[in-house]
Amino acid sequence: MAKYIMALDQGTTSSRCILFDKEGHICSIAKKEFTQYYPKPGWVEHDPNEIWSSQMAVAMEAMSQIGCDAESIDSIGITNQRETTIVWDKNTGNPICPAIVWQCRRTADMIDRIKADGFDKIIQERTGLIPDAYFSATKIRWILENIHGAREAAEKGDLLFGTVDTWLIYRLTKGEIHVTDYTNASRTMLFDIHKKVWDTEILDYLGIPASMLPQVRPSSCIYGYTSEQIIGGRIPISGAAGDQQAALFGQCCFAPGDVKNTYGTGCFLLMHTGNDPVTSHQGLLTTIAVNPDGSPGYALEGSVFIAGAAIQWLRDEMQLVTSAAETEEYCNSVPDTNGVYVVPAFTGLGAPYWDPYARGAVLGLTRGAGKAHFIRATVESLAYQVCDLIKAMEKDSGHALSSLRVDGGASANNFLLQFQADILDTDVLRPSCIETTALGAAYLAGLATGFWKNADEIRQNWQLERTFEPAIGYQKRTHLLSGWQKAVSRAKDWEEL
Ligand code: ADP
């Protein structure tokens, strides 16, 4: 009887593998960072072969840590950095160029052209996305236009495109299977999220042959089996989802109105909206999420550009702390920020403000403002930004937040989560397993093979580590939030580009 589910978590800076048992406990974990390439300002690339080799290395390491063989693994679930684009030769299986990473800005001018043509409206209607260079579509076009021989080869049907899930499945099956799941497809900016098919009009507009695209399948189903030579057995590959959607599933956010926030370098907030694709009027994205039965549903998604990155800034540039964790002590050493607000709009402001000209600002300084106030105001800024996004989601979806489930590196900060609960006036729930991305992929895989019977069984695995309950009154909350709004308004429209 197989005891484990293997989750392959292929992130932007590292590849990880976690083996989970039926209770959702971590039985072994291995992680390997891989090379980031910055060939020109604004460009970011990965080596697809290194993505693959680092992922295989951690799979082997995780297995050997607990002496587990292929027979002990029920199935494999994959979760991945989204939007990153790989194109390879169908005949040799070799990538024709480096992977273009989601962060890469090289196709920004194509987005300008899409807007000038007025095609952005069609894209937004069909794909739920606000056209941007970080989705896959313009990256594929760039490859076809700039890599020698690519366009001819693609038109002959010799090239295949994939996001990282597709690439890993292709390699795990020795080139037998070319698939993706609905969640990853929804981040390419080529997929009609309503009809759930590749959009031929967008493909034609961008000049991308449909023959390059993978078949799109549910996030929980058997896509294929690992080739015997690869992990020493034929293991079903039966789960796949983009990282944020996997985390939503791993947090057991299955019902409309369920929300999770991941506090990492940035923050990613997703609200499940069931079978309703909610169109945002506040600049949030509509994207495909996974329903509890594994079928495609919808979510609203918003992100905060600078979250944990502001804490890194305190540590590295301002040198006010030596570690991110140290901020918590400073926050607790003062009763409040003494009226200080930090707006970390280093790269402009995203939803719901959308002001690329905004820049970071510190407001409300008086002679009594000290280091601890400054640090506390920076930590609080994460919570304020998440609060702004949640209010926007509530408006768009008509669902009031009942509680917020959290994960990610900065969710270790108790002060931050207490302050989040205070200003949201909602319980903030931190689970005992904060590896929710990998866990979500494992759940998707195990549901397809019967390792778990259904979502109810999975829900029982979700264990609360701590609840943060609101502890301030209406007046204080309103006062704090209105100060934040004032600070944001002062940070707006600063840079003249
Ligand atoms: P990512 O996956 O985006 O790399 P992680 O989920 O690993 O990020 O979270 C790391 C981020 O969280 C860093 O930006 C770091 O500054 C921040 N962070 C980590 N621990 C804490 C803490 N105790 N308090 C505040 N921020 C923290």
# chains A, B, ... in the order shown; residues from 1 in each chain; ligands from 1
call {"tool": "residues_around", "arguments": {"residues": "range 316-323 of chain A", "least_positions_apart": "2", "cutoff": "12 Å", "atoms": "only C-alpha atoms", "output": "ChimeraX atom specification"}}
result
/A:308-314,325-331,370-376,378,410
call {"tool": "residues_around", "arguments": {"residues": "Glu61 in chain A", "least_positions_apart": "3", "cutoff": "12 Å", "atoms": "only C-alpha atoms", "output": "list in words"}}
result
Met6, Ser15, Arg16, Cys17, Ile18, Leu19, Ser28, Ile29, Ala30, Lys31, Lys32, Ser54, Gln55, Met56, Ala57, Val58, Ser64, Gln65, Ile66, Gly67, Cys68, Asp69 and Ile231 of chain A
call {"tool": "write_last_selection", "arguments": {"atoms": "C-alpha atoms", "output": "PDB file, in the first residue's frame"}}
result
ATOM      1  CA  MET A   6       4.934  13.346  -3.764  1.00  0.00           C
ATOM      2  CA  SER A  15      12.688  23.546  -6.685  1.00  0.00           C
ATOM      3  CA  ARG A  16      11.256  21.651  -3.746  1.00  0.00           C
ATOM      4  CA  CYS A  17       9.880  18.203  -3.139  1.00  0.00           C
ATOM      5  CA  ILE A  18       7.730  17.229  -0.182  1.00  0.00           C
ATOM      6  CA  LEU A  19       6.412  13.765   0.660  1.00  0.00           C
ATOM      7  CA  SER A  28      10.332  14.555   4.126  1.00  0.00           C
ATOM      8  CA  ILE A  29      11.352  17.722   2.367  1.00  0.00           C
ATOM      9  CA  ALA A  30      14.188  18.712   0.040  1.00  0.00           C
ATOM     10  CA  LYS A  31      14.952  22.029  -1.604  1.00  0.00           C
ATOM     11  CA  LYS A  32      17.447  23.242  -4.185  1.00  0.00           C
ATOM     12  CA  SER A  54      16.951  20.462  -9.810  1.00  0.00           C
ATOM     13  CA  GLN A  55      13.420  19.105  -9.535  1.00  0.00           C
ATOM     14  CA  MET A  56      14.605  15.529 -10.055  1.00  0.00           C
ATOM     15  CA  ALA A  57      17.467  16.004  -7.595  1.00  0.00           C
ATOM     16  CA  VAL A  58      15.110  17.094  -4.816  1.00  0.00           C
ATOM     17  CA  SER A  64      16.252   8.856   0.149  1.00  0.00           C
ATOM     18  CA  GLN A  65      15.833  10.867   3.367  1.00  0.00           C
ATOM     19  CA  ILE A  66      13.184   8.374   4.495  1.00  0.00           C
ATOM     20  CA  GLY A  67      14.300   5.381   2.448  1.00  0.00           C
ATOM     21  CA  CYS A  68      11.192   5.400   0.306  1.00  0.00           C
ATOM     22  CA  ASP A  69      10.953   3.655  -3.080  1.00  0.00           C
ATOM     23  CA  ILE A 231      11.900   7.524 -10.551  1.00  0.00           C
TER      24      ILE A 231
END
call {"tool": "closest_residue", "arguments": {"among": "A:Ser53, A:Gln463, A:Thr426, A:Asn332", "to": "Arg477 in chain A", "atoms": "only C-alpha atoms"}}
result
A:Thr426
call {"tool": "atom_distance", "arguments": {"atom1": "CA of Tyr223 in chain A", "atom2": "CA of Pro296 in chain A"}}
result
15.8 Å
call {"tool": "closest_residue", "arguments": {"among": "A:Asp243, A:Asp493, A:Asp112, A:Glu155", "to": "ligand 1", "atoms": "only C-alpha atoms and all ligand atoms"}}
result
A:Asp243
call {"tool": "residues_around", "arguments": {"residues": "Phe119 in chain A", "least_positions_apart": "6", "cutoff": "9 Å", "atoms": "only C-alpha atoms", "output": "ChimeraX atom specification"}}
result
/A:113,202,205
call {"tool": "write_last_selection", "arguments": {"atoms": "N, CA, C and O atoms", "output": "CSV table (one decimal), in the first residue's frame"}}
result
chain,number,residue,atom,x,y,z
A,113,ARG,N,1.3,47.8,-27.8
A,113,ARG,CA,0.6,47.7,-29.1
A,113,ARG,C,-0.8,47.1,-29.0
A,113,ARG,O,-1.7,47.5,-29.7
A,202,ILE,N,-7.4,35.3,-30.2
A,202,ILE,CA,-6.2,35.8,-29.6
A,202,ILE,C,-5.0,35.1,-30.2
A,202,ILE,O,-4.0,35.8,-30.5
A,205,TYR,N,-4.4,36.8,-33.5
A,205,TYR,CA,-3.9,38.1,-33.3
A,205,TYR,C,-2.4,38.1,-33.0
A,205,TYR,O,-1.6,38.9,-33.6
call {"tool": "atom_distance", "arguments": {"atom1": "CA of Val278 in chain A", "atom2": "CA of Tyr298 in chain A"}}
result
7.8 Å
call {"tool": "closest_residue", "arguments": {"among": "A:Cys433, A:Ile123, A:Ile423, A:Cys387", "to": "Thr478 in chain A", "atoms": "only C-alpha atoms"}}
result
A:Ile423
call {"tool": "residues_around", "arguments": {"residues": "Met212 in chain A", "least_positions_apart": "5", "cutoff": "9 Å", "atoms": "only C-alpha atoms", "output": "mmCIF file with all heavy atoms, in the first residue's frame"}}
result
data_model
loop_
_atom_site.group_PDB
_atom_site.id
_atom_site.type_symbol
_atom_site.label_atom_id
_atom_site.label_comp_id
_atom_site.auth_asym_id
_atom_site.auth_seq_id
_atom_site.Cartn_x
_atom_site.Cartn_y
_atom_site.Cartn_z
ATOM 1 N N VAL A 87 9.601 26.822 -24.616
ATOM 2 C CA VAL A 87 9.280 26.289 -25.947
ATOM 3 C C VAL A 87 10.361 25.282 -26.319
ATOM 4 O O VAL A 87 11.553 25.557 -26.164
ATOM 5 C CB VAL A 87 9.194 27.426 -26.993
ATOM 6 C CG1 VAL A 87 9.021 26.843 -28.401
ATOM 7 C CG2 VAL A 87 8.030 28.369 -26.670
ATOM 8 N N ALA A 154 7.562 26.271 -35.855
ATOM 9 C CA ALA A 154 6.256 26.252 -35.181
ATOM 10 C C ALA A 154 5.155 26.019 -36.210
ATOM 11 O O ALA A 154 4.218 25.254 -35.973
ATOM 12 C CB ALA A 154 6.015 27.566 -34.447
ATOM 13 N N GLU A 155 5.299 26.661 -37.363
ATOM 14 C CA GLU A 155 4.253 26.511 -38.379
ATOM 15 C C GLU A 155 4.231 25.109 -38.972
ATOM 16 O O GLU A 155 3.186 24.620 -39.386
ATOM 17 C CB GLU A 155 4.363 27.609 -39.434
ATOM 18 C CG GLU A 155 3.407 28.738 -39.049
ATOM 19 C CD GLU A 155 3.809 30.123 -39.453
ATOM 20 O OE1 GLU A 155 4.569 30.256 -40.432
ATOM 21 O OE2 GLU A 155 3.380 31.068 -38.763
ATOM 22 N N GLY A 157 4.633 22.629 -37.145
ATOM 23 C CA GLY A 157 4.138 21.774 -36.055
ATOM 24 C C GLY A 157 5.246 21.107 -35.269
ATOM 25 O O GLY A 157 5.018 20.129 -34.550
ATOM 26 N N ASP A 158 6.475 21.646 -35.386
ATOM 27 C CA ASP A 158 7.606 21.000 -34.706
ATOM 28 C C ASP A 158 7.907 21.548 -33.311
ATOM 29 O O ASP A 158 8.793 21.042 -32.631
ATOM 30 C CB ASP A 158 8.878 21.162 -35.557
ATOM 31 C CG ASP A 158 8.878 20.204 -36.735
ATOM 32 O OD1 ASP A 158 8.104 19.227 -36.674
ATOM 33 O OD2 ASP A 158 9.637 20.445 -37.696
ATOM 34 N N LEU A 159 7.218 22.625 -32.908
ATOM 35 C CA LEU A 159 7.527 23.206 -31.589
ATOM 36 C C LEU A 159 6.353 23.036 -30.628
ATOM 37 O O LEU A 159 5.189 23.094 -31.020
ATOM 38 C CB LEU A 159 7.831 24.701 -31.721
ATOM 39 C CG LEU A 159 9.081 25.106 -32.500
ATOM 40 C CD1 LEU A 159 9.321 26.611 -32.347
ATOM 41 C CD2 LEU A 159 10.311 24.326 -32.058
ATOM 42 N N LEU A 160 6.704 22.852 -29.363
ATOM 43 C CA LEU A 160 5.690 22.760 -28.316
ATOM 44 C C LEU A 160 5.935 23.854 -27.287
ATOM 45 O O LEU A 160 7.088 24.175 -26.983
ATOM 46 C CB LEU A 160 5.751 21.393 -27.624
ATOM 47 C CG LEU A 160 5.492 20.178 -28.509
ATOM 48 C CD1 LEU A 160 5.641 18.896 -27.690
ATOM 49 C CD2 LEU A 160 4.108 20.243 -29.150
ATOM 50 N N PHE A 161 4.840 24.390 -26.772
ATOM 51 C CA PHE A 161 4.922 25.373 -25.692
ATOM 52 C C PHE A 161 4.415 24.723 -24.411
ATOM 53 O O PHE A 161 3.509 23.898 -24.439
ATOM 54 C CB PHE A 161 4.050 26.596 -26.020
ATOM 55 C CG PHE A 161 3.498 27.292 -24.786
ATOM 56 C CD1 PHE A 161 4.325 28.098 -24.009
ATOM 57 C CD2 PHE A 161 2.184 27.100 -24.371
ATOM 58 C CE1 PHE A 161 3.830 28.708 -22.846
ATOM 59 C CE2 PHE A 161 1.685 27.713 -23.216
ATOM 60 C CZ PHE A 161 2.512 28.516 -22.455
ATOM 61 N N GLY A 162 4.990 25.153 -23.297
ATOM 62 C CA GLY A 162 4.434 24.731 -22.013
ATOM 63 C C GLY A 162 4.800 25.691 -20.913
ATOM 64 O O GLY A 162 5.839 26.363 -20.983
#
call {"tool": "closest_residue", "arguments": {"among": "A:Ile114, A:Leu481, A:Ala133, A:Cys267", "to": "ligand 1", "atoms": "only C-alpha atoms and all ligand atoms"}}
result
A:Cys267
call {"tool": "decode", "arguments": {"residues": "range 464-494 of chain A", "atoms": "N, CA, C and O atoms", "output": "tab-separated table (two decimals), in the first residue's frame"}}
result
chain	number	residue	atom	x	y	z
A	464	LEU	N	-5.69	24.02	12.62
A	464	LEU	CA	-5.43	25.39	13.02
A	464	LEU	C	-4.25	25.41	13.98
A	464	LEU	O	-4.17	24.62	14.91
A	465	GLU	N	-3.32	26.31	13.72
A	465	GLU	CA	-2.24	26.49	14.70
A	465	GLU	C	-2.63	27.62	15.65
A	465	GLU	O	-2.48	27.51	16.86
A	466	ARG	N	-3.17	28.72	15.09
A	466	ARG	CA	-3.52	29.85	15.93
A	466	ARG	C	-4.55	30.75	15.26
A	466	ARG	O	-4.46	30.98	14.05
A	467	THR	N	-5.51	31.23	16.03
A	467	THR	CA	-6.46	32.22	15.54
A	467	THR	C	-6.09	33.58	16.11
A	467	THR	O	-5.86	33.69	17.31
A	468	PHE	N	-6.08	34.58	15.26
A	468	PHE	CA	-5.88	35.96	15.72
A	468	PHE	C	-7.23	36.65	15.64
A	468	PHE	O	-7.81	36.74	14.55
A	469	GLU	N	-7.73	37.07	16.79
A	469	GLU	CA	-9.06	37.68	16.82
A	469	GLU	C	-8.95	39.19	16.92
A	469	GLU	O	-8.07	39.70	17.62
A	470	PRO	N	-9.89	39.91	16.28
A	470	PRO	CA	-9.85	41.37	16.35
A	470	PRO	C	-9.93	41.83	17.80
A	470	PRO	O	-10.74	41.32	18.56
A	471	ALA	N	-9.07	42.78	18.16
A	471	ALA	CA	-9.04	43.21	19.56
A	471	ALA	C	-9.11	44.73	19.70
A	471	ALA	O	-8.79	45.27	20.75
A	472	ILE	N	-9.47	45.41	18.62
A	472	ILE	CA	-9.65	46.86	18.76
A	472	ILE	C	-11.08	47.24	18.36
A	472	ILE	O	-11.75	46.50	17.64
A	473	GLY	N	-11.52	48.39	18.81
A	473	GLY	CA	-12.89	48.82	18.55
A	473	GLY	C	-13.03	49.58	17.24
A	473	GLY	O	-12.04	49.89	16.56
A	474	TYR	N	-14.28	49.87	16.93
A	474	TYR	CA	-14.64	50.53	15.67
A	474	TYR	C	-13.90	51.87	15.50
A	474	TYR	O	-13.34	52.16	14.45
A	475	GLN	N	-13.90	52.64	16.57
A	475	GLN	CA	-13.33	53.99	16.45
A	475	GLN	C	-11.84	53.98	16.13
A	475	GLN	O	-11.36	54.70	15.27
A	476	LYS	N	-11.15	53.12	16.86
A	476	LYS	CA	-9.70	53.05	16.66
A	476	LYS	C	-9.39	52.55	15.24
A	476	LYS	O	-8.51	53.08	14.56
A	477	ARG	N	-10.16	51.54	14.82
A	477	ARG	CA	-9.96	50.97	13.48
A	477	ARG	C	-10.18	52.04	12.41
A	477	ARG	O	-9.38	52.22	11.50
A	478	THR	N	-11.26	52.76	12.55
A	478	THR	CA	-11.58	53.78	11.56
A	478	THR	C	-10.50	54.86	11.52
A	478	THR	O	-10.10	55.33	10.46
A	479	HIS	N	-10.01	55.21	12.69
A	479	HIS	CA	-8.96	56.22	12.79
A	479	HIS	C	-7.68	55.75	12.09
A	479	HIS	O	-7.08	56.48	11.29
A	480	LEU	N	-7.29	54.49	12.37
A	480	LEU	CA	-6.07	53.95	11.75
A	480	LEU	C	-6.21	53.91	10.23
A	480	LEU	O	-5.31	54.31	9.49
A	481	LEU	N	-7.38	53.39	9.77
A	481	LEU	CA	-7.57	53.23	8.33
A	481	LEU	C	-7.65	54.58	7.61
A	481	LEU	O	-7.15	54.71	6.49
A	482	SER	N	-8.23	55.56	8.26
A	482	SER	CA	-8.31	56.84	7.55
A	482	SER	C	-6.93	57.47	7.47
A	482	SER	O	-6.60	58.13	6.48
A	483	GLY	N	-6.09	57.23	8.46
A	483	GLY	CA	-4.70	57.71	8.37
A	483	GLY	C	-3.97	57.04	7.22
A	483	GLY	O	-3.23	57.68	6.46
A	484	TRP	N	-4.18	55.75	7.07
A	484	TRP	CA	-3.55	55.01	5.96
A	484	TRP	C	-4.02	55.57	4.61
A	484	TRP	O	-3.22	55.82	3.71
A	485	GLN	N	-5.31	55.81	4.48
A	485	GLN	CA	-5.84	56.34	3.23
A	485	GLN	C	-5.20	57.69	2.89
A	485	GLN	O	-4.86	57.97	1.75
A	486	LYS	N	-5.04	58.49	3.95
A	486	LYS	CA	-4.43	59.81	3.75
A	486	LYS	C	-2.97	59.65	3.30
A	486	LYS	O	-2.50	60.33	2.39
A	487	ALA	N	-2.28	58.71	3.95
A	487	ALA	CA	-0.87	58.49	3.60
A	487	ALA	C	-0.76	58.02	2.14
A	487	ALA	O	0.10	58.49	1.39
A	488	VAL	N	-1.64	57.09	1.73
A	488	VAL	CA	-1.61	56.59	0.35
A	488	VAL	C	-1.85	57.74	-0.63
A	488	VAL	O	-1.16	57.87	-1.64
A	489	SER	N	-2.79	58.60	-0.27
A	489	SER	CA	-3.10	59.69	-1.21
A	489	SER	C	-1.90	60.62	-1.38
A	489	SER	O	-1.69	61.20	-2.45
A	490	ARG	N	-1.06	60.74	-0.34
A	490	ARG	CA	0.14	61.59	-0.45
A	490	ARG	C	1.25	60.92	-1.26
A	490	ARG	O	2.10	61.59	-1.82
A	491	ALA	N	1.23	59.57	-1.30
A	491	ALA	CA	2.29	58.84	-2.03
A	491	ALA	C	2.00	58.76	-3.52
A	491	ALA	O	2.88	58.51	-4.34
A	492	LYS	N	0.74	59.01	-3.88
A	492	LYS	CA	0.32	58.86	-5.28
A	492	LYS	C	0.91	59.95	-6.17
A	492	LYS	O	1.24	61.03	-5.70
A	493	ASP	N	0.98	59.61	-7.46
A	493	ASP	CA	1.30	60.60	-8.49
A	493	ASP	C	2.58	61.39	-8.16
A	493	ASP	O	2.60	62.60	-8.24
A	494	TRP	N	3.62	60.66	-7.75
A	494	TRP	CA	4.86	61.31	-7.33
A	494	TRP	C	5.87	61.40	-8.47
A	494	TRP	O	6.33	62.47	-8.84
